[in-house]
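Novice: My file is run-v3.json. It has JSON, C-alpha atoms:
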```json
[["chain", "number", "residue", "atom", "x", "y", "z"],
["A", 1, "MET", "CA", 95.10, 67.37, 161.45],
["A", 2, "ARG", "CA", 92.10, 66.80, 159.13],
["A", 3, "VAL", "CA", 90.07, 69.41, 161.02],
["A", 4, "PHE", "CA", 92.87, 71.95, 160.57],
["A", 5, "ILE", "CA", 93.03, 71.36, 156.80],
["A", 6, "PHE", "CA", 89.24, 71.60, 156.53],
["A", 7, "LEU", "CA", 89.24, 74.90, 158.41],
["A", 8, "LEU", "CA", 92.04, 76.17, 156.18],
["A", 9, "ILE", "CA", 90.21, 75.25, 152.95],
["A", 10, "LEU", "CA", 86.72, 76.35, 154.06],
["A", 11, "PRO", "CA", 87.23, 80.13, 153.62],
["A", 12, "PHE", "CA", 88.53, 79.63, 150.07],
["A", 13, "SER", "CA", 85.56, 77.49, 149.07],
["A", 14, "LEU", "CA", 83.17, 80.10, 150.46],
["A", 15, "LEU", "CA", 84.85, 82.79, 148.39],
["A", 16, "SER", "CA", 84.80, 80.89, 145.10],
["A", 17, "GLN", "CA", 82.09, 81.82, 142.65],
["A", 18, "GLU", "CA", 80.58, 79.83, 139.83],
["A", 19, "ILE", "CA", 79.30, 81.30, 136.57],
["A", 20, "GLY", "CA", 75.53, 81.50, 136.81],
["A", 21, "GLU", "CA", 75.47, 82.21, 140.53],
["A", 22, "ARG", "CA", 73.83, 85.52, 141.31],
["A", 23, "ASP", "CA", 77.00, 86.80, 143.05],
["A", 24, "TYR", "CA", 79.33, 85.93, 140.17],
["A", 25, "VAL", "CA", 80.97, 89.07, 138.77],
["A", 26, "PHE", "CA", 81.71, 89.08, 135.05],
["A", 27, "THR", "CA", 84.80, 91.13, 134.22],
["A", 28, "ASN", "CA", 84.92, 90.42, 130.50],
["A", 29, "LEU", "CA", 82.22, 91.78, 128.21],
["A", 30, "LYS", "CA", 82.80, 89.16, 125.53],
["A", 31, "HIS", "CA", 82.33, 86.30, 128.01],
["A", 32, "ALA", "CA", 79.28, 87.96, 129.53],
["A", 33, "LEU", "CA", 77.64, 88.29, 126.10],
["A", 34, "GLU", "CA", 77.86, 84.53, 125.60],
["A", 35, "ARG", "CA", 75.07, 84.05, 128.19],
["A", 36, "PRO", "CA", 73.45, 87.45, 128.83],
["A", 37, "GLU", "CA", 70.53, 85.96, 130.77],
["A", 38, "ILE", "CA", 72.82, 84.89, 133.66],
["A", 39, "VAL", "CA", 74.66, 88.21, 133.98],
["A", 40, "TYR", "CA", 73.68, 89.92, 137.22],
["A", 41, "ARG", "CA", 76.97, 91.61, 138.05],
["A", 42, "LEU", "CA", 79.37, 93.22, 135.57],
["A", 43, "ASP", "CA", 82.63, 95.01, 136.39],
["A", 44, "LEU", "CA", 84.32, 96.72, 133.46],
["A", 45, "SER", "CA", 86.30, 99.20, 135.52],
["A", 46, "LYS", "CA", 89.77, 100.22, 134.34],
["A", 47, "ASN", "CA", 89.15, 99.12, 130.75],
["A", 48, "LYS", "CA", 90.00, 102.44, 129.06],
["A", 49, "LEU", "CA", 86.48, 102.57, 127.62],
["A", 50, "LEU", "CA", 85.76, 105.76, 125.69],
["A", 51, "GLU", "CA", 82.03, 105.18, 125.63],
["A", 52, "PHE", "CA", 79.33, 103.30, 127.46],
["A", 53, "PRO", "CA", 79.21, 99.89, 125.71],
["A", 54, "ASN", "CA", 75.86, 99.56, 123.94],
["A", 55, "SER", "CA", 75.93, 95.78, 124.34],
["A", 56, "ILE", "CA", 75.40, 96.21, 128.11],
["A", 57, "PHE", "CA", 71.72, 96.73, 127.34],
["A", 58, "GLU", "CA", 71.48, 93.02, 126.46],
["A", 59, "PHE", "CA", 71.81, 92.17, 130.17],
["A", 60, "LYS", "CA", 68.16, 92.36, 131.25],
["A", 61, "ASN", "CA", 68.91, 90.93, 134.72],
["A", 62, "LEU", "CA", 71.84, 93.23, 135.47],
["A", 63, "GLU", "CA", 71.80, 94.40, 139.10],
["A", 64, "TYR", "CA", 75.36, 95.68, 139.55],
["A", 65, "LEU", "CA", 77.33, 97.63, 136.96],
["A", 66, "ASN", "CA", 80.80, 99.09, 137.51],
["A", 67, "LEU", "CA", 82.20, 101.25, 134.71],
["A", 68, "SER", "CA", 84.48, 103.31, 136.94],
["A", 69, "LYS", "CA", 87.96, 104.48, 136.01],
["A", 70, "ASN", "CA", 87.34, 104.71, 132.28],
["A", 71, "LYS", "CA", 87.04, 107.68, 129.91],
["A", 72, "ILE", "CA", 83.27, 107.62, 129.34],
["A", 73, "SER", "CA", 81.80, 111.06, 128.67],
["A", 74, "GLN", "CA", 78.13, 110.24, 128.00],
["A", 75, "ILE", "CA", 75.52, 108.03, 129.58],
["A", 76, "PRO", "CA", 73.07, 106.66, 126.98],
["A", 77, "LEU", "CA", 69.51, 107.93, 127.21],
["A", 78, "LYS", "CA", 68.26, 104.35, 127.35],
["A", 79, "ILE", "CA", 70.03, 103.81, 130.71],
["A", 80, "ASP", "CA", 66.58, 103.28, 132.21],
["A", 81, "SER", "CA", 66.24, 100.01, 130.25],
["A", 82, "LEU", "CA", 68.64, 98.54, 132.84],
["A", 83, "SER", "CA", 65.60, 98.44, 135.09],
["A", 84, "GLN", "CA", 66.95, 95.86, 137.59],
["A", 85, "LEU", "CA", 70.03, 97.89, 138.58],
["A", 86, "THR", "CA", 70.54, 98.26, 142.31],
["A", 87, "GLU", "CA", 74.11, 99.56, 142.12],
["A", 88, "LEU", "CA", 75.76, 101.71, 139.46],
["A", 89, "ASP", "CA", 79.34, 103.00, 139.60],
["A", 90, "LEU", "CA", 80.38, 105.54, 136.96],
["A", 91, "SER", "CA", 83.04, 107.25, 139.05],
["A", 92, "LYS", "CA", 86.30, 108.58, 137.64],
["A", 93, "ASN", "CA", 85.11, 109.14, 134.09],
["A", 94, "LYS", "CA", 84.54, 112.31, 132.06],
["A", 95, "ILE", "CA", 80.78, 112.64, 132.55],
["A", 96, "SER", "CA", 79.40, 116.19, 132.64],
["A", 97, "HIS", "CA", 75.69, 115.56, 131.98],
["A", 98, "LEU", "CA", 73.26, 113.12, 133.60],
["A", 99, "PRO", "CA", 70.25, 112.12, 131.49],
["A", 100, "TYR", "CA", 66.90, 112.50, 133.23],
["A", 101, "GLN", "CA", 66.18, 108.85, 132.35],
["A", 102, "MET", "CA", 68.44, 107.82, 135.24],
["A", 103, "GLY", "CA", 65.59, 108.90, 137.49],
["A", 104, "HIS", "CA", 63.59, 105.91, 136.23],
["A", 105, "LEU", "CA", 65.93, 103.33, 137.81],
["A", 106, "GLN", "CA", 63.42, 102.50, 140.52],
["A", 107, "PHE", "CA", 65.50, 99.79, 142.25],
["A", 108, "LEU", "CA", 68.76, 101.77, 142.33],
["A", 109, "GLU", "CA", 70.14, 101.83, 145.88],
["A", 110, "VAL", "CA", 73.76, 102.91, 145.36],
["A", 111, "LEU", "CA", 74.88, 105.47, 142.78],
["A", 112, "THR", "CA", 78.56, 106.39, 142.60],
["A", 113, "LEU", "CA", 79.41, 109.34, 140.34],
["A", 114, "ASN", "CA", 82.46, 110.86, 142.03],
["A", 115, "ASN", "CA", 85.36, 112.41, 140.12],
["A", 116, "ASN", "CA", 83.47, 113.53, 137.03],
["A", 117, "THR", "CA", 82.54, 117.04, 135.85],
["A", 118, "ILE", "CA", 78.80, 116.87, 136.56],
["A", 119, "LYS", "CA", 77.23, 120.29, 136.87],
["A", 120, "LYS", "CA", 73.54, 119.55, 137.37],
["A", 121, "ILE", "CA", 71.33, 116.91, 138.96],
["A", 122, "PRO", "CA", 68.12, 116.26, 136.98],
["A", 123, "LYS", "CA", 64.89, 116.89, 138.89],
["A", 124, "GLU", "CA", 63.85, 113.33, 137.96],
["A", 125, "PHE", "CA", 66.38, 112.01, 140.50],
["A", 126, "SER", "CA", 63.63, 112.56, 143.06],
["A", 127, "LYS", "CA", 62.02, 109.38, 141.64],
["A", 128, "LEU", "CA", 64.95, 107.24, 142.81],
["A", 129, "SER", "CA", 62.86, 106.09, 145.75],
["A", 130, "ALA", "CA", 65.18, 103.20, 146.73],
["A", 131, "LEU", "CA", 68.38, 105.30, 146.67],
["A", 132, "ARG", "CA", 70.30, 104.91, 149.93],
["A", 133, "ARG", "CA", 73.79, 106.07, 148.97],
["A", 134, "LEU", "CA", 74.73, 108.84, 146.54],
["A", 135, "ASP", "CA", 78.40, 109.63, 146.00],
["A", 136, "LEU", "CA", 78.95, 112.87, 144.09],
["A", 137, "TRP", "CA", 82.23, 114.08, 145.57],
["A", 138, "SER", "CA", 84.58, 116.02, 143.36],
["A", 139, "ASN", "CA", 82.07, 117.24, 140.80],
["A", 140, "GLU", "CA", 80.97, 120.76, 139.82],
["A", 141, "ILE", "CA", 77.41, 120.82, 141.19],
["A", 142, "LYS", "CA", 76.46, 124.16, 142.71],
["A", 143, "GLU", "CA", 72.70, 123.68, 143.23],
["A", 144, "PHE", "CA", 70.15, 120.90, 143.57],
["A", 145, "PRO", "CA", 66.53, 120.96, 142.41],
["A", 146, "ASP", "CA", 63.96, 121.28, 145.21],
["A", 147, "SER", "CA", 62.62, 117.84, 144.27],
["A", 148, "PHE", "CA", 65.99, 116.38, 145.35],
["A", 149, "GLY", "CA", 64.76, 116.61, 148.94],
["A", 150, "GLU", "CA", 62.24, 113.84, 148.18],
["A", 151, "LEU", "CA", 64.92, 111.12, 148.37],
["A", 152, "SER", "CA", 63.47, 109.75, 151.59],
["A", 153, "GLN", "CA", 65.65, 106.61, 151.83],
["A", 154, "LEU", "CA", 68.97, 108.45, 151.47],
["A", 155, "GLU", "CA", 71.42, 107.37, 154.19],
["A", 156, "LEU", "CA", 74.64, 108.85, 152.78],
["A", 157, "LEU", "CA", 75.26, 111.84, 150.53],
["A", 158, "ASP", "CA", 78.91, 112.51, 149.76],
["A", 159, "LEU", "CA", 79.67, 115.98, 148.38],
["A", 160, "SER", "CA", 83.29, 116.18, 149.53],
["A", 161, "GLY", "CA", 85.69, 118.17, 147.40],
["A", 162, "MET", "CA", 82.99, 120.46, 146.03],
["A", 163, "LEU", "CA", 82.42, 124.17, 146.61],
["A", 164, "ILE", "CA", 79.14, 124.07, 148.50],
["A", 165, "SER", "CA", 77.71, 127.34, 149.81],
["A", 166, "ARG", "CA", 76.57, 127.62, 153.44],
["A", 167, "ASP", "CA", 73.03, 128.24, 152.19],
["A", 168, "LEU", "CA", 73.06, 125.03, 150.17],
["A", 169, "GLU", "CA", 74.53, 123.08, 153.07],
["A", 170, "ILE", "CA", 71.72, 124.29, 155.33],
["A", 171, "LYS", "CA", 69.13, 123.39, 152.71],
["A", 172, "LEU", "CA", 70.57, 119.89, 152.31],
["A", 173, "ARG", "CA", 70.70, 119.31, 156.07],
["A", 174, "ASN", "CA", 67.07, 120.42, 156.36],
["A", 175, "TRP", "CA", 66.02, 118.10, 153.56],
["A", 176, "PHE", "CA", 67.96, 115.16, 154.99],
["A", 177, "PRO", "CA", 68.16, 115.49, 158.80],
["A", 178, "GLU", "CA", 68.82, 111.75, 159.29],
["A", 179, "THR", "CA", 71.28, 111.41, 156.41],
["A", 180, "VAL", "CA", 75.06, 111.40, 156.77],
["A", 181, "ILE", "CA", 76.16, 114.29, 154.56],
["A", 182, "ARG", "CA", 79.85, 114.66, 153.80],
["A", 183, "ILE", "CA", 80.78, 118.18, 152.78],
["A", 184, "SER", "CA", 84.18, 119.81, 152.69],
["A", 185, "ASN", "CA", 84.31, 123.13, 154.48],
["A", 186, "ALA", "CA", 81.34, 125.09, 153.19],
["A", 187, "CYS", "CA", 82.13, 128.45, 151.69],
["A", 188, "ASN", "CA", 80.39, 131.80, 151.78],
["A", 189, "CYS", "CA", 80.43, 131.76, 148.00],
["A", 190, "LYS", "CA", 77.84, 133.46, 145.84],
["A", 191, "TYR", "CA", 77.26, 131.85, 142.48]]
```
What would the structure in this file look like if it were written as C-alpha cells?
Specialist:
Amino acid sequence: MRVFIFLLILPFSLLSQEIGERDYVFTNLKHALERPEIVYRLDLSKNKLLEFPNSIFEFKNLEYLNLSKNKISQIPLKIDSLSQLTELDLSKNKISHLPYQMGHLQFLEVLTLNNNTIKKIPKEFSKLSALRRLDLWSNEIKEFPDSFGELSQLELLDLSGMLISRDLEIKLRNWFPETVIRISNACNCKY
C-alpha cells in the first residue's frame, strides 16, 4: 500500500516548481519584479497587454519570454538587451515591424511570431546563429532577404497560411534542404 501511495505522489512532486529554480515560470510581472535576478522564465500571455512592458528589461537572466495572445504592436528597439533569451513567443499580437536589433539575440533558439501582420524580415536575422525553430505562419511576408539563407541551424520554418510564390518556395528549399518547411499550397502569384 505504501509503495502505491509513493508512486501516486511521485509524479506530482516532480512537477512542482519552487521560486528560484531555473524552470520556475513567473506568470505575474509584479511578483517577478520583486526578485528580478532569479527570473529565467516569464509567461505574460493572455494579459491584454497593449505594449511590451518596459520593466521586462530588468530581467538580465531571462531565457524564456512568452507575450503571446496580447495586443502588442511594437517590439522595443532594446530587445537585444535580453541577451540570454533562448525562446521568445510574440504570437497572436498586432506586430507589423520587426526591429533589426532582434538579430543580435545570439542564443535565441525558438522564435514564435505567428498570427501578426509582419511584412518584412530584417537582414540581421541571419545573425541568429542558434535559431532552430522559426514560426511565422499567418503573416504578410512576401520575400526574404538573401542573408536569411545563412540560418544554418534552422530545423523548422513554418510559413503556413501565407501566400508564398513558387519561386520563393524553391528558393527557401534550396537555402534549407535539411529543414522542415511548412508552406500552404504555393501560388503562382506575382508581387
Novice: Using all atoms listed in the file, can you tell me which of A:Leu113, A:Leu82, A:Leu157, A:Leu50 comes closest to A:Gln101?
Specialist: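 So, comparing all the options, the nearest one is A:Leu82.
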Novice: With only C-alpha atoms as the counted atoms, please give the residues lying no more than 6 Å from stretch 173-181 of chain A, apart from itself and same-chain residues fewer than 5 positions off, as a tab-separated table (two decimals) with C-alpha atoms, in the frame of the given file.
Specialist:
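around_36.tsv was written with the following content:
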```
chain	number	residue	atom	x	y	z
A	149	GLY	CA	64.76	116.61	148.94
A	155	GLU	CA	71.42	107.37	154.19
A	156	LEU	CA	74.64	108.85	152.78
A	157	LEU	CA	75.26	111.84	150.53
A	158	ASP	CA	78.91	112.51	149.76
```
Novice: Any idea what the distance is between atom CA of A:Glu124 and atom CA of A:Glu37?
Specialist: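 Interatomic distance here is 29.1 Å.
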Novice: To one decimal place in Å, what is the distance between atom CA of A:Ser152 and atom CA of A:Ser129?
Specialist: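 Atom CA of A:Ser129 lies at a distance of 6.9 Å from atom CA of A:Ser152.
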Novice: Using all atoms listed in the file, which protein or nucleic acid residues come within 6 Å of A:Arg132? Drop anything in the same chain fewer than 4 positions from it, and give the result as JSON, numbers by chain.
Specialist: {"A": [109, 153, 154, 155]}
Novice: Residues within 8 Å of A:Leu62, please, as a PyMOL selection string. Count only C-alpha atoms; anything in the same chain fewer than 2 positions from it doesn't count.
Specialist: chain A and resi 39-42+59-60+64-65+82+84-85
Novice: So how many Å separate atom CA of A:Leu172 and atom CA of A:Ser68, to one decimal?
Specialist: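 Spanning atom CA of A:Leu172 to atom CA of A:Ser68 is a straight-line distance of 26.5 Å.
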Novice: Name the residues, using the chain letters and numbers of the file, that sit within 12 Å of (61.0, 98.1, 141.9) when counting all atoms listed in the file, and give them as a PyMOL selection string.
Specialist: chain A and resi 63+82-86+104-109+127-131
Novice: Quick one: residues within 12 Å of A:Ile19, all atoms listed in the file counted, chain neighbours fewer than 2 positions away excluded, as an MDAnalysis selection string?
Specialist: chainID A and resid 16:17 21:27 31:32 34:42
Novice: Show which residues sit within 9 Å of A:Lys48, as a list in words. Count all atoms listed in the file, and ignore same-chain residues fewer than 3 positions away.
Specialist: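 Contacts, in chain order: Ser45, Lys69, Asn70, Lys71 and Ile72 of chain A.
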Novice: Given only C-alpha atoms as the basis, pick out the residue of A:Lys46, A:Lys123, A:Arg182, A:Lys94 nearest to A:Glu169.
Specialist: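 Distance minimum relative to A:Glu169 lands on A:Arg182.
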Novice: Could you check the closest approach to A:Arg166 for each of A:Glu143, A:Glu51, A:Glu150, A:Asp80 and tell me which residue wins, using all atoms listed in the file?
Specialist: A:Glu143
Novice: Identify which of the residues A:Asn116, A:Leu29, A:Leu88, A:Val110 lies closest to A:Ser73, counting all atoms listed in the file when measuring atom-to-atom distances.
Specialist: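 For A:Ser73, the nearest of the candidates is A:Asn116.
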